[in-house]
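*Asks:* Just passing along the structure, written as structure tokens.
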Amino acid sequence: MTAARDRSSAGPLALAFAALVGYASLYPFSGWRWPPGLDVGALFLLPWPPWRNQFDIVANVLGYLPLGALVYGACVRNGVRASRALAASVAVPALFSFVLEVVQTFLPARVPSRLDWVLNVAGAASGAAVTAMLHRLGVFERWQLLRDRWLARRSGGALVLLLLWPIGLLFPAPVPLGLGQVGGRLRELAAAALEGTPWADASATWAAPALERAPLSPPAELVAIALGLLAPCLLAFTAARPGWRRMLLAVGAGALGFCATTLSTALNFAPEHALAWLTPVTLPALAAGVVLAALCAPIGRRMAAGLGLVVLTALVGLVAQAPADPYYADSLQAWEQGRFIRFHGLARWVGWLWPYLAMVWLLLNLGGRHRSHS
């Protein structure tokens, strides 16, 4: 039981999902103020909204369903009795949602709502109930046996990162599978901080918009896409046991990357343009990524960690040079100003930070925290 608890990834996943939900709920974090005429007593009396939006109803329920399921799984995997785990998996998301709704009172761009809170609680309760039923049916035990056959001990962090990877792909990227382009945002923040200082003019040079950059050459784009697929494969190899399982993981990563990028394109440019991201370069690049991953399948876990660091560093460097074409800029505007704002924080931050979080995990493996297994 202790070993199973050590390997559980439900707790880290619950914390990561809660952080992403919190960000999405409070975005854009600007215009903080105390609402005029609001007293402290009325702050905790959430208003009932005068309107109903079907999309909001579905989003609020589905948004908290995984949180309830993950909290229940984390409690049970850490030895909490099923009845207490079920109560906690409803109470914790309910309190979390209530706090977020109260904090939204101070943001002009967000509207606190008692209906949203009720829907969030309903979603968490539904997720907890389904997970509790699966637990009673013995699904957790079967999952543990399957995980023991596929993954080495203490692989929870890698599993969390691998589950987050397709979420990051949903946010528009300048290059397919090209995560980690956070440099432009950092330059914008630095330029804003230097505004009105003697260094403001100099900052305009290195803070040039991405649209002004020269496009990547086809070979460079092919390498970037191939590395974008090879990186999660090497991350998986630091946790997966050697053998045919790694080959299946490489093929599965290619299929998952294809599906996630297709879904992202469909969300941005309508379903009829879902495959518009496919160019003469992308399919050969995906194939090259799968082949490279297959060639790396026999290597040890620490070697996979070291090679993964090299691949992620090269990927981030290439993606940083990729331009943002007008279609990319339009898609970002659609995400930031339309309905996609509800998923904006979740997908954007995962897409920005995933390569760097993966680097931290790989450094821990390379440093010997997780022993290599043959």
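Labels used: A, B, ... for chains in the order of the structure tokens, numbers from 1 for residues in each chain, and numbers from 1 for ligands as shown.
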List the spatial neighbours of A:Ala287 as a VMD selection string - criterion: any atom at most 12 Å away, only C-alpha atoms, same-chain residues fewer than 3 positions off excluded.

*Replies:* chain A and resid 222 to 223 225 to 230 250 to 251 253 to 255 257 to 258 281 to 284 290 to 294

*Asks:* Can you tell me, as a VMD selection string, what residues are no more than 12 Å from stretch 127-140 of chain A when counting only C-alpha atoms, ignoring any on the same chain fewer than 6 positions away?

*Replies:* chain A and resid 4 8 10 61 to 77 81 to 93 120 to 121 146 to 147

*Asks:* May I have the residues from that selection written out with C-alpha atoms, as a PDB file, in the first residue's frame?

*Replies:*
ATOM      1  CA  ALA A   4       1.184   2.485  -4.271  1.00  0.00           C
ATOM      2  CA  SER A   8      -0.011   8.001  -6.905  1.00  0.00           C
ATOM      3  CA  ALA A  10      -3.929  11.836  -8.261  1.00  0.00           C
ATOM      4  CA  VAL A  61     -20.391  21.438 -14.549  1.00  0.00           C
ATOM      5  CA  LEU A  62     -17.715  19.841 -16.700  1.00  0.00           C
ATOM      6  CA  GLY A  63     -14.992  22.132 -15.357  1.00  0.00           C
ATOM      7  CA  TYR A  64     -15.326  20.794 -11.805  1.00  0.00           C
ATOM      8  CA  LEU A  65     -16.135  17.175 -12.631  1.00  0.00           C
ATOM      9  CA  PRO A  66     -12.444  16.182 -12.951  1.00  0.00           C
ATOM     10  CA  LEU A  67     -11.592  18.053  -9.750  1.00  0.00           C
ATOM     11  CA  GLY A  68     -14.081  16.038  -7.713  1.00  0.00           C
ATOM     12  CA  ALA A  69     -12.804  12.816  -9.268  1.00  0.00           C
ATOM     13  CA  LEU A  70      -9.157  13.682  -8.614  1.00  0.00           C
ATOM     14  CA  VAL A  71      -9.738  14.715  -4.997  1.00  0.00           C
ATOM     15  CA  TYR A  72     -11.559  11.433  -4.361  1.00  0.00           C
ATOM     16  CA  GLY A  73      -8.783   9.454  -6.011  1.00  0.00           C
ATOM     17  CA  ALA A  74      -6.095  11.312  -4.049  1.00  0.00           C
ATOM     18  CA  CYS A  75      -7.869  10.656  -0.753  1.00  0.00           C
ATOM     19  CA  VAL A  76      -8.469   6.965  -1.399  1.00  0.00           C
ATOM     20  CA  ARG A  77      -4.924   6.379  -2.682  1.00  0.00           C
ATOM     21  CA  ARG A  81     -11.886   5.707   3.959  1.00  0.00           C
ATOM     22  CA  ALA A  82     -14.232   5.786   0.972  1.00  0.00           C
ATOM     23  CA  SER A  83     -17.039   7.609   2.838  1.00  0.00           C
ATOM     24  CA  ARG A  84     -14.718  10.352   4.054  1.00  0.00           C
ATOM     25  CA  ALA A  85     -13.080  10.580   0.645  1.00  0.00           C
ATOM     26  CA  LEU A  86     -16.491  11.105  -0.958  1.00  0.00           C
ATOM     27  CA  ALA A  87     -17.347  13.864   1.522  1.00  0.00           C
ATOM     28  CA  ALA A  88     -13.988  15.564   0.998  1.00  0.00           C
ATOM     29  CA  SER A  89     -14.249  15.346  -2.793  1.00  0.00           C
ATOM     30  CA  VAL A  90     -17.459  17.395  -2.616  1.00  0.00           C
ATOM     31  CA  ALA A  91     -16.578  19.746   0.259  1.00  0.00           C
ATOM     32  CA  VAL A  92     -13.110  20.765  -0.944  1.00  0.00           C
ATOM     33  CA  PRO A  93     -14.166  21.768  -4.498  1.00  0.00           C
ATOM     34  CA  ASN A 120     -19.498  23.708  -9.826  1.00  0.00           C
ATOM     35  CA  VAL A 121     -20.552  21.729  -6.761  1.00  0.00           C
ATOM     36  CA  LEU A 146      -1.574  -1.997 -15.211  1.00  0.00           C
ATOM     37  CA  ARG A 147       0.562   0.908 -14.050  1.00  0.00           C
TER      38      ARG A 147
END

*Asks:* Going by DSSP on the backbone, which residues of stretch 46-290 of chain A come out as helix (DSSP H, G or I)? List them as number ranges by chain.

*Replies:* A: 54-77, 82-106, 114-136, 139-150, 156-169, 183-194, 200-206, 210-212, 218-237, 244-269, 271-273, 282-290

*Asks:* Fewer than 4 positions away in the same chain doesn't count, so skip those; otherwise give me all residues within 8 Å of stretch 260-262 of chain A, counting only C-alpha atoms, as a tab-separated table (two decimals) with N, CA and C atoms, in the first residue's frame.

*Replies:*
chain	number	residue	atom	x	y	z
A	166	PRO	N	-1.16	17.20	-23.94
A	166	PRO	CA	-2.18	17.51	-24.96
A	166	PRO	C	-3.01	18.75	-24.62
A	167	ILE	N	-3.14	19.08	-23.32
A	167	ILE	CA	-3.85	20.31	-22.96
A	167	ILE	C	-3.09	21.53	-23.46
A	169	LEU	N	-1.24	21.62	-26.03
A	169	LEU	CA	-1.34	21.67	-27.49
A	169	LEU	C	-2.63	22.31	-27.96
A	170	LEU	N	-3.64	22.43	-27.09
A	170	LEU	CA	-4.90	23.04	-27.50
A	170	LEU	C	-4.77	24.54	-27.70
A	176	PRO	N	3.40	23.54	-35.13
A	176	PRO	CA	2.75	22.37	-34.55
A	176	PRO	C	3.63	21.67	-33.52
A	177	LEU	N	3.06	21.38	-32.35
A	177	LEU	CA	3.75	20.74	-31.22
A	177	LEU	C	4.85	21.63	-30.64
A	256	LEU	N	-1.70	11.10	-30.42
A	256	LEU	CA	-2.27	12.09	-29.51
A	256	LEU	C	-1.92	13.51	-29.95
A	266	ALA	N	-9.48	23.05	-35.28
A	266	ALA	CA	-10.93	23.08	-35.45
A	266	ALA	C	-11.57	24.12	-34.55
A	274	ALA	N	-10.20	21.80	-39.88
A	274	ALA	CA	-9.49	21.11	-38.80
A	274	ALA	C	-8.12	20.60	-39.23
A	275	LEU	N	-7.96	20.24	-40.50
A	275	LEU	CA	-6.70	19.68	-40.99
A	275	LEU	C	-5.86	20.72	-41.74
A	277	TRP	N	-3.70	22.60	-40.61
A	277	TRP	CA	-2.33	22.67	-40.10
A	277	TRP	C	-1.39	21.70	-40.81

*Asks:* From the set A:Trp361, A:Phe237, A:Trp349, A:Trp34, which residue has the shortest atom-to-atom contact distance to A:Leu151, counting only C-alpha atoms?

*Replies:* A:Phe237

*Asks:* Pick out the residues sitting within 12 Å of A:Val360, and hand them over as a list of chain:residue names; count only C-alpha atoms, and ignore anything fewer than 4 positions along from it in its own chain.

*Replies:*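 Contacts, in chain order: A:Gly157, A:Ala158, A:Leu161, A:Leu235, A:Ala305, A:Gly306, A:Gly308, A:Leu309, A:Leu312, A:Thr313, A:Leu353, A:Trp354, A:Pro355, A:Tyr356, A:Leu364, A:Asn365, A:Leu366, A:Gly367, A:Arg369.
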
*Asks:* Which residues come within 10 Å of A:Phe44, counting only C-alpha atoms, excluding same-chain residues fewer than 5 positions away, as a list in words?

*Replies:* Asp39, Phe98, Val99, Glu101, Val102, Val103 and Thr105 of chain A

*Asks:* Go ahead and compute the interatomic distance for atom CA of A:Gly22 and atom CA of A:Phe171, in Å to one decimal.

*Replies:* 17.7 Å

*Asks:* Tell me, in Å to one decimal, how far atom CA of A:Gly289 is from atom CA of A:Cys233.

*Replies:* 9.0 Å

*Asks:* What is the atom CA of A:Ala285-atom CA of A:Ala173 distance in Å, reported with one decimal?

*Replies:* 15.8 Å
